[in-house]
>>> print(open('entry-v5.cif').read())   # mmCIF, N, CA and C atoms
data_my_file
loop_
_atom_site.label_atom_id
_atom_site.label_comp_id
_atom_site.auth_asym_id
_atom_site.auth_seq_id
_atom_site.Cartn_x
_atom_site.Cartn_y
_atom_site.Cartn_z
N MET Y 1 -28.58 6.26 -9.07
CA MET Y 1 -29.30 6.79 -10.21
C MET Y 1 -28.34 6.87 -11.38
N ALA Y 2 -28.77 6.42 -12.54
CA ALA Y 2 -27.93 6.44 -13.73
C ALA Y 2 -28.36 7.56 -14.66
N TYR Y 3 -27.38 8.24 -15.21
CA TYR Y 3 -27.62 9.31 -16.17
C TYR Y 3 -26.89 8.97 -17.45
N GLN Y 4 -27.40 9.44 -18.55
CA GLN Y 4 -26.70 9.26 -19.82
C GLN Y 4 -26.54 10.62 -20.47
N CYS Y 5 -25.31 10.96 -20.78
CA CYS Y 5 -25.02 12.19 -21.50
C CYS Y 5 -24.73 11.79 -22.94
N SER Y 6 -25.23 12.56 -23.88
CA SER Y 6 -25.02 12.21 -25.27
C SER Y 6 -24.42 13.37 -26.02
N GLY Y 7 -24.09 13.13 -27.25
CA GLY Y 7 -23.52 14.17 -28.10
C GLY Y 7 -22.17 13.75 -28.59
N ALA Y 8 -21.65 14.52 -29.51
CA ALA Y 8 -20.32 14.24 -30.05
C ALA Y 8 -19.28 14.38 -28.97
N ALA Y 9 -18.22 13.63 -29.10
CA ALA Y 9 -17.14 13.73 -28.13
C ALA Y 9 -16.53 15.11 -28.20
N PRO Y 10 -16.46 15.81 -27.07
CA PRO Y 10 -15.91 17.15 -27.10
C PRO Y 10 -14.42 17.15 -27.39
N ARG Y 11 -13.97 18.10 -28.15
CA ARG Y 11 -12.55 18.23 -28.45
C ARG Y 11 -11.93 19.37 -27.66
N THR Y 12 -12.75 20.23 -27.11
CA THR Y 12 -12.26 21.34 -26.31
C THR Y 12 -13.16 21.51 -25.10
N PRO Y 13 -12.68 22.15 -24.03
CA PRO Y 13 -13.54 22.39 -22.87
C PRO Y 13 -14.81 23.16 -23.24
N ALA Y 14 -14.73 24.05 -24.21
CA ALA Y 14 -15.92 24.81 -24.61
C ALA Y 14 -16.98 23.88 -25.18
N ARG Y 15 -16.57 22.91 -26.01
CA ARG Y 15 -17.55 21.97 -26.56
C ARG Y 15 -18.10 21.06 -25.48
N ALA Y 16 -17.28 20.72 -24.50
CA ALA Y 16 -17.75 19.85 -23.42
C ALA Y 16 -18.89 20.51 -22.66
N SER Y 17 -18.82 21.82 -22.48
CA SER Y 17 -19.87 22.51 -21.75
C SER Y 17 -21.17 22.52 -22.52
N ARG Y 18 -21.12 22.30 -23.83
CA ARG Y 18 -22.33 22.28 -24.65
C ARG Y 18 -22.87 20.87 -24.86
N ALA Y 19 -22.19 19.86 -24.33
CA ALA Y 19 -22.66 18.49 -24.49
C ALA Y 19 -24.04 18.35 -23.86
N ARG Y 20 -24.88 17.54 -24.48
CA ARG Y 20 -26.23 17.34 -23.97
C ARG Y 20 -26.17 16.38 -22.79
N CYS Y 21 -26.26 16.92 -21.61
CA CYS Y 21 -26.18 16.14 -20.38
C CYS Y 21 -27.23 16.70 -19.43
N PRO Y 22 -28.03 15.86 -18.82
CA PRO Y 22 -29.09 16.35 -17.93
C PRO Y 22 -28.54 17.25 -16.82
N ALA Y 23 -29.27 18.28 -16.52
CA ALA Y 23 -28.86 19.22 -15.48
C ALA Y 23 -28.65 18.51 -14.15
N ALA Y 24 -29.49 17.53 -13.85
CA ALA Y 24 -29.35 16.80 -12.58
C ALA Y 24 -28.02 16.06 -12.52
N ALA Y 25 -27.59 15.48 -13.64
CA ALA Y 25 -26.30 14.78 -13.68
C ALA Y 25 -25.16 15.76 -13.47
N ARG Y 26 -25.23 16.90 -14.12
CA ARG Y 26 -24.18 17.92 -13.94
C ARG Y 26 -24.13 18.38 -12.48
N ARG Y 27 -25.29 18.62 -11.90
CA ARG Y 27 -25.31 19.06 -10.49
C ARG Y 27 -24.70 18.01 -9.58
N THR Y 28 -25.03 16.74 -9.83
CA THR Y 28 -24.51 15.66 -8.99
C THR Y 28 -22.98 15.58 -9.06
N VAL Y 29 -22.44 15.60 -10.26
CA VAL Y 29 -20.98 15.50 -10.42
C VAL Y 29 -20.31 16.75 -9.88
N ASN Y 30 -20.86 17.91 -10.17
CA ASN Y 30 -20.26 19.16 -9.67
C ASN Y 30 -20.27 19.21 -8.14
N ALA Y 31 -21.35 18.74 -7.52
CA ALA Y 31 -21.42 18.74 -6.06
C ALA Y 31 -20.38 17.79 -5.47
N ALA Y 32 -20.23 16.62 -6.09
CA ALA Y 32 -19.23 15.67 -5.59
C ALA Y 32 -17.82 16.22 -5.77
N ALA Y 33 -17.57 16.87 -6.90
CA ALA Y 33 -16.23 17.43 -7.16
C ALA Y 33 -15.89 18.55 -6.19
N ALA Y 34 -16.90 19.19 -5.62
CA ALA Y 34 -16.67 20.30 -4.69
C ALA Y 34 -16.36 19.83 -3.27
N LEU Y 35 -16.52 18.55 -2.99
CA LEU Y 35 -16.22 18.03 -1.66
C LEU Y 35 -14.73 18.14 -1.38
N PRO Y 36 -14.35 18.23 -0.09
CA PRO Y 36 -12.91 18.30 0.23
C PRO Y 36 -12.18 17.03 -0.17
N VAL Y 37 -10.97 17.19 -0.66
CA VAL Y 37 -10.13 16.05 -1.05
C VAL Y 37 -9.14 15.75 0.07
N PRO Y 38 -8.51 14.57 0.05
CA PRO Y 38 -7.53 14.24 1.08
C PRO Y 38 -6.36 15.23 1.06
N ALA Y 39 -5.85 15.51 2.23
CA ALA Y 39 -4.70 16.42 2.35
C ALA Y 39 -3.45 15.60 2.67
N PRO Y 40 -2.33 15.92 2.02
CA PRO Y 40 -1.09 15.19 2.31
C PRO Y 40 -0.53 15.62 3.66
N ARG Y 41 0.12 14.67 4.34
CA ARG Y 41 0.76 14.95 5.63
C ARG Y 41 2.07 14.18 5.69
N LEU Y 42 3.06 14.83 6.20
CA LEU Y 42 4.36 14.20 6.41
C LEU Y 42 4.39 13.67 7.84
N ASP Y 43 4.66 12.37 8.01
CA ASP Y 43 4.69 11.82 9.37
C ASP Y 43 6.09 11.95 9.96
N ALA Y 44 6.23 11.54 11.20
CA ALA Y 44 7.49 11.71 11.93
C ALA Y 44 8.66 10.97 11.28
N SER Y 45 8.38 9.88 10.57
CA SER Y 45 9.47 9.13 9.94
C SER Y 45 9.79 9.63 8.54
N GLY Y 46 9.10 10.68 8.09
CA GLY Y 46 9.35 11.23 6.77
C GLY Y 46 8.47 10.63 5.68
N GLY Y 47 7.54 9.78 6.08
CA GLY Y 47 6.63 9.17 5.10
C GLY Y 47 5.46 10.10 4.79
N LEU Y 48 4.94 9.93 3.61
CA LEU Y 48 3.81 10.74 3.19
C LEU Y 48 2.52 9.97 3.42
N GLY Y 49 1.58 10.61 4.06
CA GLY Y 49 0.27 10.02 4.29
C GLY Y 49 -0.81 10.97 3.81
N TRP Y 50 -2.03 10.49 3.80
CA TRP Y 50 -3.16 11.30 3.36
C TRP Y 50 -4.24 11.26 4.43
N ARG Y 51 -4.88 12.39 4.66
CA ARG Y 51 -5.91 12.47 5.69
C ARG Y 51 -7.12 13.20 5.15
N ALA Y 52 -8.29 12.69 5.53
CA ALA Y 52 -9.55 13.33 5.15
C ALA Y 52 -10.53 13.14 6.30
N GLU Y 53 -11.28 14.19 6.60
CA GLU Y 53 -12.30 14.08 7.64
C GLU Y 53 -13.37 13.07 7.23
N ASP Y 54 -13.74 13.08 5.96
CA ASP Y 54 -14.74 12.15 5.42
C ASP Y 54 -14.06 11.37 4.29
N PRO Y 55 -13.44 10.23 4.59
CA PRO Y 55 -12.70 9.50 3.56
C PRO Y 55 -13.56 9.11 2.34
N ALA Y 56 -14.78 8.68 2.56
CA ALA Y 56 -15.64 8.29 1.42
C ALA Y 56 -15.95 9.50 0.55
N GLY Y 57 -16.26 10.62 1.17
CA GLY Y 57 -16.52 11.85 0.42
C GLY Y 57 -15.29 12.34 -0.33
N ALA Y 58 -14.13 12.17 0.30
CA ALA Y 58 -12.88 12.60 -0.34
C ALA Y 58 -12.58 11.75 -1.58
N VAL Y 59 -12.82 10.46 -1.49
CA VAL Y 59 -12.61 9.59 -2.65
C VAL Y 59 -13.61 9.94 -3.74
N LEU Y 60 -14.86 10.18 -3.37
CA LEU Y 60 -15.87 10.58 -4.34
C LEU Y 60 -15.48 11.88 -5.04
N ALA Y 61 -14.92 12.83 -4.29
CA ALA Y 61 -14.48 14.09 -4.87
C ALA Y 61 -13.38 13.86 -5.91
N LEU Y 62 -12.44 12.99 -5.60
CA LEU Y 62 -11.35 12.71 -6.54
C LEU Y 62 -11.88 12.05 -7.82
N VAL Y 63 -12.80 11.10 -7.66
CA VAL Y 63 -13.38 10.43 -8.83
C VAL Y 63 -14.18 11.43 -9.67
N ALA Y 64 -14.97 12.28 -9.02
CA ALA Y 64 -15.76 13.27 -9.75
C ALA Y 64 -14.86 14.26 -10.48
N ARG Y 65 -13.77 14.68 -9.87
CA ARG Y 65 -12.85 15.60 -10.53
C ARG Y 65 -12.19 14.96 -11.75
N ASP Y 66 -11.84 13.67 -11.61
CA ASP Y 66 -11.29 12.96 -12.76
C ASP Y 66 -12.33 12.84 -13.88
N ALA Y 67 -13.59 12.60 -13.51
CA ALA Y 67 -14.65 12.50 -14.51
C ALA Y 67 -14.82 13.84 -15.24
N LEU Y 68 -14.77 14.93 -14.51
CA LEU Y 68 -14.88 16.25 -15.14
C LEU Y 68 -13.71 16.50 -16.08
N ASP Y 69 -12.50 16.13 -15.67
CA ASP Y 69 -11.33 16.27 -16.55
C ASP Y 69 -11.52 15.46 -17.83
N LEU Y 70 -12.04 14.24 -17.69
CA LEU Y 70 -12.24 13.38 -18.85
C LEU Y 70 -13.29 13.97 -19.80
N VAL Y 71 -14.40 14.43 -19.26
CA VAL Y 71 -15.47 14.97 -20.09
C VAL Y 71 -15.01 16.22 -20.85
N ALA Y 72 -14.10 16.96 -20.27
CA ALA Y 72 -13.62 18.20 -20.90
C ALA Y 72 -12.40 17.96 -21.80
N SER Y 73 -12.07 16.70 -22.06
CA SER Y 73 -10.87 16.42 -22.85
C SER Y 73 -11.23 15.67 -24.14
N ALA Y 74 -10.27 15.62 -25.03
CA ALA Y 74 -10.44 14.87 -26.27
C ALA Y 74 -10.48 13.36 -26.01
N ALA Y 75 -9.99 12.92 -24.86
CA ALA Y 75 -9.97 11.49 -24.53
C ALA Y 75 -11.38 10.92 -24.40
N LEU Y 76 -12.38 11.75 -24.20
CA LEU Y 76 -13.75 11.26 -24.06
C LEU Y 76 -14.15 10.44 -25.29
N GLY Y 77 -13.68 10.82 -26.45
CA GLY Y 77 -13.99 10.08 -27.66
C GLY Y 77 -13.35 8.71 -27.72
N ARG Y 78 -12.45 8.42 -26.79
CA ARG Y 78 -11.78 7.12 -26.76
C ARG Y 78 -12.25 6.25 -25.60
N VAL Y 79 -13.33 6.64 -24.95
CA VAL Y 79 -13.89 5.80 -23.90
C VAL Y 79 -14.61 4.64 -24.56
N ARG Y 80 -14.29 3.44 -24.11
CA ARG Y 80 -14.86 2.22 -24.68
C ARG Y 80 -15.47 1.36 -23.57
N THR Y 81 -16.34 0.46 -23.97
CA THR Y 81 -16.87 -0.56 -23.07
C THR Y 81 -16.12 -1.85 -23.37
N CYS Y 82 -15.68 -2.53 -22.32
CA CYS Y 82 -14.93 -3.78 -22.48
C CYS Y 82 -15.75 -4.79 -23.28
N ALA Y 83 -15.08 -5.48 -24.20
CA ALA Y 83 -15.74 -6.50 -25.02
C ALA Y 83 -15.77 -7.86 -24.34
N GLY Y 84 -15.32 -7.93 -23.10
CA GLY Y 84 -15.37 -9.20 -22.37
C GLY Y 84 -16.80 -9.68 -22.23
N SER Y 85 -16.99 -11.00 -22.31
CA SER Y 85 -18.34 -11.56 -22.31
C SER Y 85 -19.10 -11.27 -21.02
N ASP Y 86 -18.42 -11.13 -19.91
CA ASP Y 86 -19.11 -10.86 -18.65
C ASP Y 86 -18.56 -9.60 -17.95
N CYS Y 87 -18.06 -8.67 -18.74
CA CYS Y 87 -17.49 -7.43 -18.20
C CYS Y 87 -18.04 -6.24 -18.97
N ARG Y 88 -18.43 -5.23 -18.30
CA ARG Y 88 -18.91 -4.01 -18.95
C ARG Y 88 -18.15 -2.79 -18.42
N ALA Y 89 -16.91 -3.00 -18.02
CA ALA Y 89 -16.09 -1.89 -17.52
C ALA Y 89 -15.83 -0.88 -18.63
N LEU Y 90 -15.73 0.37 -18.25
CA LEU Y 90 -15.36 1.43 -19.18
C LEU Y 90 -13.86 1.67 -19.04
N PHE Y 91 -13.21 2.00 -20.16
CA PHE Y 91 -11.79 2.32 -20.13
C PHE Y 91 -11.49 3.32 -21.23
N VAL Y 92 -10.37 4.02 -21.08
CA VAL Y 92 -9.91 4.95 -22.11
C VAL Y 92 -8.93 4.18 -23.00
N ASP Y 93 -9.26 4.08 -24.27
CA ASP Y 93 -8.41 3.38 -25.23
C ASP Y 93 -7.26 4.32 -25.62
N ASP Y 94 -6.10 4.08 -25.04
CA ASP Y 94 -4.95 4.92 -25.33
C ASP Y 94 -3.99 4.25 -26.33
N SER Y 95 -4.48 3.19 -27.01
CA SER Y 95 -3.64 2.56 -28.03
C SER Y 95 -3.52 3.48 -29.24
N ARG Y 96 -2.44 3.37 -29.96
CA ARG Y 96 -2.21 4.25 -31.10
C ARG Y 96 -3.34 4.16 -32.14
N PRO Y 97 -3.73 2.94 -32.56
CA PRO Y 97 -4.79 2.89 -33.58
C PRO Y 97 -6.21 3.07 -33.00
N GLY Y 98 -6.34 3.05 -31.68
CA GLY Y 98 -7.66 3.20 -31.08
C GLY Y 98 -8.55 1.99 -31.26
N THR Y 99 -7.95 0.80 -31.22
CA THR Y 99 -8.71 -0.42 -31.45
C THR Y 99 -8.69 -1.39 -30.27
N ARG Y 100 -8.30 -0.92 -29.10
CA ARG Y 100 -8.27 -1.79 -27.93
C ARG Y 100 -9.68 -2.28 -27.63
N ARG Y 101 -9.81 -3.56 -27.27
CA ARG Y 101 -11.13 -4.15 -27.05
C ARG Y 101 -11.44 -4.45 -25.60
N TRP Y 102 -10.42 -4.69 -24.79
CA TRP Y 102 -10.66 -5.14 -23.42
C TRP Y 102 -10.13 -4.14 -22.39
N CYS Y 103 -10.75 -4.15 -21.24
CA CYS Y 103 -10.29 -3.28 -20.15
C CYS Y 103 -8.89 -3.67 -19.71
N SER Y 104 -8.61 -4.97 -19.76
CA SER Y 104 -7.29 -5.48 -19.39
C SER Y 104 -6.98 -6.71 -20.23
N MET Y 105 -5.86 -6.69 -20.87
CA MET Y 105 -5.45 -7.85 -21.66
C MET Y 105 -5.18 -9.04 -20.74
N ASN Y 106 -4.72 -8.77 -19.52
CA ASN Y 106 -4.39 -9.84 -18.59
C ASN Y 106 -5.61 -10.57 -18.06
N THR Y 107 -6.76 -9.94 -18.07
CA THR Y 107 -7.96 -10.62 -17.56
C THR Y 107 -8.94 -10.87 -18.70
N CYS Y 108 -9.66 -9.88 -19.10
CA CYS Y 108 -10.71 -10.05 -20.12
C CYS Y 108 -10.14 -10.47 -21.47
N GLY Y 109 -9.05 -9.88 -21.89
CA GLY Y 109 -8.46 -10.22 -23.18
C GLY Y 109 -7.96 -11.65 -23.21
N ASN Y 110 -7.28 -12.06 -22.16
CA ASN Y 110 -6.77 -13.43 -22.07
C ASN Y 110 -7.92 -14.43 -22.06
N LYS Y 111 -8.97 -14.12 -21.29
CA LYS Y 111 -10.13 -15.00 -21.20
C LYS Y 111 -10.79 -15.14 -22.57
N ALA Y 112 -10.97 -14.04 -23.28
CA ALA Y 112 -11.60 -14.08 -24.60
C ALA Y 112 -10.75 -14.87 -25.59
N LYS Y 113 -9.45 -14.71 -25.54
CA LYS Y 113 -8.58 -15.44 -26.45
C LYS Y 113 -8.59 -16.94 -26.14
N LYS Y 114 -8.64 -17.30 -24.86
CA LYS Y 114 -8.74 -18.71 -24.49
C LYS Y 114 -10.06 -19.30 -24.96
N GLU Y 115 -11.15 -18.55 -24.80
CA GLU Y 115 -12.45 -19.04 -25.26
C GLU Y 115 -12.47 -19.20 -26.78
N ALA Y 116 -11.86 -18.27 -27.51
CA ALA Y 116 -11.80 -18.36 -28.97
C ALA Y 116 -10.98 -19.57 -29.40
N LEU Y 117 -9.87 -19.81 -28.72
CA LEU Y 117 -9.04 -20.97 -29.03
C LEU Y 117 -9.82 -22.25 -28.75
N ARG Y 118 -10.50 -22.31 -27.62
CA ARG Y 118 -11.31 -23.48 -27.28
C ARG Y 118 -12.37 -23.72 -28.35
N GLU Y 119 -13.01 -22.66 -28.81
CA GLU Y 119 -14.03 -22.76 -29.84
C GLU Y 119 -13.44 -23.31 -31.15
N ARG Y 120 -12.28 -22.82 -31.52
CA ARG Y 120 -11.65 -23.26 -32.77
C ARG Y 120 -11.17 -24.71 -32.69
N THR Y 121 -10.65 -25.11 -31.54
CA THR Y 121 -10.06 -26.45 -31.44
C THR Y 121 -11.07 -27.52 -31.08
N THR Y 122 -12.08 -27.21 -30.33
CA THR Y 122 -13.04 -28.25 -29.91
C THR Y 122 -14.43 -28.03 -30.48
N GLY Y 123 -14.66 -26.83 -30.97
CA GLY Y 123 -15.99 -26.54 -31.49
C GLY Y 123 -17.00 -26.21 -30.40
N THR Y 124 -16.54 -26.16 -29.14
CA THR Y 124 -17.45 -25.81 -28.04
C THR Y 124 -16.84 -24.68 -27.24
N GLY Y 125 -17.53 -23.62 -27.15
CA GLY Y 125 -17.12 -22.50 -26.31
C GLY Y 125 -18.05 -22.38 -25.13
N ARG Y 126 -17.66 -21.61 -24.17
CA ARG Y 126 -18.54 -21.36 -23.01
C ARG Y 126 -19.57 -20.34 -23.41
N HIS Y 127 -20.80 -20.60 -23.17
CA HIS Y 127 -21.88 -19.65 -23.50
C HIS Y 127 -22.65 -19.31 -22.28
#
>>> encode(input="entry-v5.cif", output="structure tokens")
Amino acid sequence: MAYQCSGAAPRTPARASRARCPAAARRTVNAAAALPVPAPRLDASGGLGWRAEDPAGAVLALVARDALDLVASAALGRVRTCAGSDCRALFVDDSRPGTRRWCSMNTCGNKAKKEALRERTTGTGRH
């Protein structure tokens, strides 16, 4: 199920709580964030491992907690959708001017630049 929350990007946790977001979406994320997270364990060789009774639920809890942190931060205003022709990934634009266009320069950015070059040099791009 997809939900859309709207409103100005919150600058403080107090403003985030006032964002217009459906109650069902808030309940879903809050419930996921409340699930148990993986617990660290030191093994016999001194290595660090992680254990969870429900690994899928534990991963969901971590993702939901990160989403809550993002929604309550000023970084929410820098969430962008990748400009790649066949990519709609979301990313946080942490560039100084806030003008990043692609989720990854190594994949989507490189592909877009190659397509633009092909268009300029041959007059035919991939559509």
>>> atom_distance(input="entry-v5.cif", atom1="CA of Ser104 in chain Y", atom2="CA of Thr81 in chain Y")
11.4 Å
>>> closest_residue(input="entry-v5.cif", among="Y:Leu62, Y:Leu90, Y:Ala67, Y:Ala83", to="Ala112 in chain Y", atoms="all atoms listed in the file")
Y:Ala83
>>> atom_distance(input="entry-v5.cif", atom1="CA of Ser95 in chain Y", atom2="atom N of Arg78 in chain Y")
10.7 Å
>>> atom_distance(input="entry-v5.cif", atom1="CA of Arg51 in chain Y", atom2="CA of Pro38 in chain Y")
5.2 Å
>>> select_by_dssp(input="entry-v5.cif", residues="chain Y", states="helix (DSSP H, G or I)", output="ChimeraX atom specification")
/Y:13-17,23-33,55-71,74-78,105-122
>>> closest_residue(input="entry-v5.cif", among="Y:Ala25, Y:Cys87, Y:Leu48, Y:Ala33", to="Asp66 in chain Y", atoms="only C-alpha atoms")
Y:Ala33
>>> residues_around(input="entry-v5.cif", residues="Ala39 in chain Y", least_positions_apart="4", cutoff="10 Å", atoms="only C-alpha atoms", output="number ranges by chain")
Y: 49-53, 58
>>> closest_residue(input="entry-v5.cif", among="Y:Val92, Y:Leu42, Y:Met105, Y:Glu115", to="Gly77 in chain Y", atoms="only C-alpha atoms")
Y:Val92
>>> decode(input="entry-v5.cif", residues="range 33-43 of chain Y", atoms="all heavy atoms", output="CSV table (one decimal), in the first residue's frame")
chain,number,residue,atom,x,y,z
Y,33,ALA,N,8.7,0.4,13.2
Y,33,ALA,CA,9.8,0.9,14.0
Y,33,ALA,C,9.8,0.3,15.4
Y,33,ALA,O,10.9,0.2,16.0
Y,33,ALA,CB,9.7,2.4,14.1
Y,34,ALA,N,8.7,-0.2,15.9
Y,34,ALA,CA,8.6,-0.8,17.3
Y,34,ALA,C,9.1,-2.2,17.3
Y,34,ALA,O,9.3,-2.8,18.4
Y,34,ALA,CB,7.2,-0.6,17.8
Y,35,LEU,N,9.3,-2.9,16.1
Y,35,LEU,CA,9.7,-4.2,16.1
Y,35,LEU,C,11.1,-4.4,16.6
Y,35,LEU,O,11.9,-3.4,16.6
Y,35,LEU,CB,9.7,-4.8,14.6
Y,35,LEU,CG,8.3,-4.9,14.0
Y,35,LEU,CD1,8.4,-5.2,12.5
Y,35,LEU,CD2,7.5,-5.9,14.7
Y,36,PRO,N,11.5,-5.5,17.2
Y,36,PRO,CA,12.8,-5.7,17.7
Y,36,PRO,C,13.9,-5.6,16.6
Y,36,PRO,O,13.7,-6.1,15.5
Y,36,PRO,CB,12.8,-7.1,18.3
Y,36,PRO,CG,11.4,-7.5,18.3
Y,36,PRO,CD,10.6,-6.7,17.4
Y,37,VAL,N,15.0,-5.0,16.9
Y,37,VAL,CA,16.1,-4.8,16.0
Y,37,VAL,C,17.2,-5.9,16.2
Y,37,VAL,O,17.2,-6.5,17.3
Y,37,VAL,CB,16.7,-3.4,16.1
Y,37,VAL,CG1,15.7,-2.4,15.6
Y,37,VAL,CG2,17.3,-3.2,17.4
Y,38,PRO,N,18.1,-6.2,15.3
Y,38,PRO,CA,19.1,-7.1,15.5
Y,38,PRO,C,20.0,-6.8,16.7
Y,38,PRO,O,20.2,-5.6,17.0
Y,38,PRO,CB,19.9,-7.1,14.2
Y,38,PRO,CG,19.1,-6.5,13.2
Y,38,PRO,CD,18.2,-5.5,14.0
Y,39,ALA,N,20.4,-7.8,17.4
Y,39,ALA,CA,21.3,-7.6,18.6
Y,39,ALA,C,22.7,-8.0,18.2
Y,39,ALA,O,22.9,-9.0,17.6
Y,39,ALA,CB,20.8,-8.4,19.8
Y,40,PRO,N,23.7,-7.2,18.6
Y,40,PRO,CA,25.1,-7.6,18.4
Y,40,PRO,C,25.5,-8.7,19.3
Y,40,PRO,O,25.1,-8.8,20.4
Y,40,PRO,CB,25.8,-6.3,18.7
Y,40,PRO,CG,25.0,-5.5,19.6
Y,40,PRO,CD,23.6,-5.9,19.3
Y,41,ARG,N,26.4,-9.5,18.7
Y,41,ARG,CA,27.0,-10.7,19.5
Y,41,ARG,C,28.4,-10.8,19.1
Y,41,ARG,O,28.8,-10.7,18.0
Y,41,ARG,CB,26.2,-12.0,19.2
Y,41,ARG,CG,24.8,-12.0,19.6
Y,41,ARG,CD,24.3,-13.4,19.4
Y,41,ARG,NE,23.5,-13.7,20.6
Y,41,ARG,CZ,22.8,-14.7,20.8
Y,41,ARG,NH1,22.9,-15.7,19.9
Y,41,ARG,NH2,22.1,-14.9,21.9
Y,42,LEU,N,29.2,-11.1,20.1
Y,42,LEU,CA,30.6,-11.3,19.9
Y,42,LEU,C,30.8,-12.8,19.8
Y,42,LEU,O,30.4,-13.6,20.7
Y,42,LEU,CB,31.4,-10.7,21.1
Y,42,LEU,CG,32.9,-10.6,20.9
Y,42,LEU,CD1,33.2,-9.7,19.8
Y,42,LEU,CD2,33.5,-10.1,22.2
Y,43,ASP,N,31.4,-13.3,18.7
Y,43,ASP,CA,31.6,-14.7,18.6
Y,43,ASP,C,32.9,-15.2,19.3
Y,43,ASP,O,33.7,-14.3,19.7
Y,43,ASP,CB,31.5,-15.2,17.2
Y,43,ASP,CG,32.6,-14.6,16.3
Y,43,ASP,OD1,33.7,-14.3,16.8
Y,43,ASP,OD2,32.4,-14.5,15.0
